[in-house]
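Below is one structure, written out as structure tokens; comments come after it.
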Amino acid sequence: MKLSTTNHLYRRNPLSILILLLVALTAPIKADASSSSSSSSLKASNHTKNVAIILSSSTFYHNYRHSSNALAIYQSLKNHGGFTDDNIILMLADEIACNAKNPFKDHIYPIGSQHVDMYHEAQVDYTGNDVTVDSFFRVILGRHEKYTPIHQRLQNVDSDTNLIIYVTGHGGDGFFKFRDAEDYTTKDLRGVFEQLQIMNRFRSILYITDTCQAFTTAPNTREENADSSLGLLRNVYTIASSLKGENSYAHHSDSNIGHSVMDRYVHYFINYMGGFYDKGKWENMDELSVKDAMVNSMYDAKGREKLGANVGWSDLGCKTRMDRVPMSDFFVMKNGIVDRNIGDGEEDMDVFLIEDAVDFGRDRQVSHV
């Protein structure tokens, strides 16, 4: 009876039908708009300094693209973010630029031969046998051997420092390889990040992993929190170029170099931002969210992935959602002065409500992991 009465009312009130149609047509537009950040919704962190650890863990000339990936991030931080070598630890497991097979000695070309040299004035802090799981974790934790040179340490970091960690190389389900000799597991990395939390060594961390099955090493998922005595890992953002069972692919090769020269994730990220030297979106990083630049940009307008894989991401345990964190919070060097009169710059919310997720494009439903 109620159903027939309702239909009868609609037949006698064409205006009601028009209103419902308008609501139906506008609803998807609102949903889509809410998934993309606007500059007015971004909340900058009140921190004093940014530092970075950039790692390529692969050896041999056929892994040219991994050194290229790392150097592309390194040069972007220096050219567009105001970073200096004092703020970056660069770890290259193999000096591909000096490899006997490299036809362009002392050069790394991520776009193609004789285009843009990423090795120019690069200060490599760790190379060869010095690139190990132990040295990588020591840099993160700041626990060095007594005679470790200053340039191999992150300097003057404290609880107001934000950290970027970018790793590229070979990996698998729950591990990341070093030089085909050793690896760290998700549990290993989680243990290091728990120590950082206890030490209060950094304010926030952006962990970017660019490898096959990359998201399986994410330290801040519900599964990892459940298995830990510490519980929730706070203020760690994870972005991964592939999910479990997916590969990370090269974008293009160069006939003169003889191998693939860059992976898809870094290629599309750099291009989205405006390239290596053009200003593009690089000059407006305070108006661009981390999620838009490093997750959403990997999908086309129809939500189809550009990478041949889906981007995994997590902001579980973070006070500010990834889509409200400006790129400048991590990619632009701070001046070392903090204004204590500024608000937290963080959302007033229960961090337990933040969920980690895999974003399958703006037009797709988010799947929780």
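The way I read the labels, and the way they are meant: chains A, B, ... in the order of the structure tokens, residue 1 as the first residue of every chain, and ligand 1 as the first ligand shown, with later ones counted on from there.
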
Checklist entry - range 272-343 of chain A: which residues are helix (DSSP H, G or I) by DSSP, as a VMD selection string? => result chain A and resid 272 to 273 280 to 287 290 to 294 296 to 298 322 to 324 328 to 331

Item to check | Polymer residues at most 8 Å from Ala218 in chain A, only C-alpha atoms, same-chain spacing of 5 or more positions, as a list in words | outcome: Thr186, Thr238, Ala240 and Ser314 of chain A

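Proximity to range 265-275 of chain A at 8 Å, evaluated using only C-alpha atoms and with sequence-adjacent residues fewer than 3 positions away removed, yields Asn69, Ala72, Ile73, Asp210, Ser241, Ser248, His251, Met262, Asp278, Lys279, Gly280, Lys281, Trp282, Ala293, Met294, Ser297, Met298 and Leu307 of chain A.
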
Next on the checklist: Set the distance at 6 Å and use only C-alpha atoms: which residues neighbour range 148-158 of chain A once local chain neighbours fewer than 2 positions away are removed? I'd like the list as number ranges by chain.
Outcome noted: A: 125, 145-146, 160-161, 201-202

Go ahead and dump the residues you just picked, N, CA and C atoms, as a PDB file, in the first residue's frame.
ATOM      1  N   ASP A 125      76.406   9.254  -0.977  1.00  0.00           N
ATOM      2  CA  ASP A 125      76.905   9.079   0.396  1.00  0.00           C
ATOM      3  C   ASP A 125      77.278   7.637   0.708  1.00  0.00           C
ATOM      4  N   GLU A 145      78.177   3.847  13.615  1.00  0.00           N
ATOM      5  CA  GLU A 145      79.468   3.478  14.168  1.00  0.00           C
ATOM      6  C   GLU A 145      80.235   4.762  14.505  1.00  0.00           C
ATOM      7  N   LYS A 146      81.195   4.632  15.405  1.00  0.00           N
ATOM      8  CA  LYS A 146      81.877   5.797  15.974  1.00  0.00           C
ATOM      9  C   LYS A 146      82.504   6.685  14.912  1.00  0.00           C
ATOM     10  N   ASP A 160      60.738  17.886  15.319  1.00  0.00           N
ATOM     11  CA  ASP A 160      60.048  18.789  14.397  1.00  0.00           C
ATOM     12  C   ASP A 160      60.525  18.607  12.953  1.00  0.00           C
ATOM     13  N   THR A 161      61.187  17.484  12.675  1.00  0.00           N
ATOM     14  CA  THR A 161      61.706  17.206  11.340  1.00  0.00           C
ATOM     15  C   THR A 161      60.811  16.201  10.621  1.00  0.00           C
ATOM     16  N   ARG A 201      61.990  10.739  17.120  1.00  0.00           N
ATOM     17  CA  ARG A 201      63.091  11.243  16.284  1.00  0.00           C
ATOM     18  C   ARG A 201      62.590  12.147  15.155  1.00  0.00           C
ATOM     19  N   PHE A 202      61.409  11.873  14.622  1.00  0.00           N
ATOM     20  CA  PHE A 202      60.849  12.676  13.543  1.00  0.00           C
ATOM     21  C   PHE A 202      59.403  13.056  13.856  1.00  0.00           C
TER      22      PHE A 202
END

From a backbone DSSP assignment, name each residue in range 117-212 of chain A labelled strand (DSSP E), as a PDB file with C-alpha atoms, in the first residue's frame.
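The file below, selection21.pdb, is the result:
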ATOM      1  CA  TYR A 126      76.803   5.269   0.340  1.00  0.00           C
ATOM      2  CA  THR A 127      77.753   3.012  -2.567  1.00  0.00           C
ATOM      3  CA  THR A 161      61.706  17.206  11.340  1.00  0.00           C
ATOM      4  CA  ASN A 162      59.809  15.513   8.499  1.00  0.00           C
ATOM      5  CA  LEU A 163      61.477  12.620   6.684  1.00  0.00           C
ATOM      6  CA  ILE A 164      61.073  11.289   3.127  1.00  0.00           C
ATOM      7  CA  ILE A 165      62.249   7.734   2.489  1.00  0.00           C
ATOM      8  CA  TYR A 166      62.277   6.660  -1.158  1.00  0.00           C
ATOM      9  CA  VAL A 167      63.404   3.121  -2.025  1.00  0.00           C
ATOM     10  CA  THR A 168      63.665   1.535  -5.471  1.00  0.00           C
ATOM     11  CA  GLY A 171      61.237  -6.813  -3.941  1.00  0.00           C
ATOM     12  CA  GLY A 172      58.526  -9.367  -3.375  1.00  0.00           C
ATOM     13  CA  PHE A 175      60.487  -8.069   1.543  1.00  0.00           C
ATOM     14  CA  PHE A 176      62.831  -5.624  -0.207  1.00  0.00           C
ATOM     15  CA  LYS A 177      66.176  -6.834  -1.585  1.00  0.00           C
ATOM     16  CA  PHE A 178      69.646  -5.317  -1.225  1.00  0.00           C
ATOM     17  CA  GLU A 182      70.114  -9.680   1.701  1.00  0.00           C
ATOM     18  CA  ASP A 183      66.762  -8.068   2.339  1.00  0.00           C
ATOM     19  CA  TYR A 184      64.569  -6.463   4.952  1.00  0.00           C
ATOM     20  CA  THR A 185      61.071  -7.697   5.691  1.00  0.00           C
ATOM     21  CA  SER A 204      56.151  12.675  10.225  1.00  0.00           C
ATOM     22  CA  ILE A 205      57.523  10.163   7.703  1.00  0.00           C
ATOM     23  CA  LEU A 206      56.622   9.671   4.045  1.00  0.00           C
ATOM     24  CA  TYR A 207      57.716   6.171   3.015  1.00  0.00           C
ATOM     25  CA  ILE A 208      57.660   5.675  -0.785  1.00  0.00           C
ATOM     26  CA  THR A 209      58.449   2.186  -2.053  1.00  0.00           C
ATOM     27  CA  ASP A 210      58.869   1.633  -5.793  1.00  0.00           C
TER      28      ASP A 210
END

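Taking only C-alpha atoms into account, Arg143 in chain A lies nearest to A:Val192 out of the set A:Ile108, A:Ala301, A:Ala181, A:Val192.
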
Checklist entry - Contacts of Gln213 in chain A at 6 Å or less, counting only C-alpha atoms, minus same-chain residues fewer than 5 places along, as an MDAnalysis selection string? => result chainID A and resid 172:173 242:246

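By only C-alpha atoms, and with residues fewer than 6 positions from Leu232 in chain A along its chain excluded, the set lying at most 8 Å from it is Asn220, Asn225 and Gly317 of chain A.
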
Only C-alpha atoms, please: the residues just picked out, written as a PDB file, in the first residue's frame.
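Result went into result32.pdb, see below:
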ATOM      1  CA  ASN A 220      51.299   1.014   8.879  1.00  0.00           C
ATOM      2  CA  ASN A 225      49.291  -2.809  14.002  1.00  0.00           C
ATOM      3  CA  GLY A 317      47.584   6.477  12.370  1.00  0.00           C
TER       4      GLY A 317
END

Checklist entry - CA of Gly169 in chain A and CA of Asp134 in chain A, how far apart in Å? => result 16.7 Å

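Going from CA of Leu55 in chain A over to CA of Val116 in chain A, you cover 20.3 Å.
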
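The spacing separating CA of Ile140 in chain A from CA of Gln75 in chain A amounts to 20.6 Å.
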
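Distance check against Pro103 in chain A using only C-alpha atoms: of A:Asn235, A:Thr48, A:Gln195, A:Asn256, the minimum falls on A:Asn256.
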
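With distances restricted to only C-alpha atoms, A:Arg203 is the closest residue to His47 in chain A from A:Thr216, A:Asn102, A:Arg203, A:Ser135.
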
Item to check | Of the listed residues A:Val311, A:Val124, A:Ala93, A:Val295, that which approaches Ser56 in chain A most closely, counting only C-alpha atoms | outcome: A:Ala93
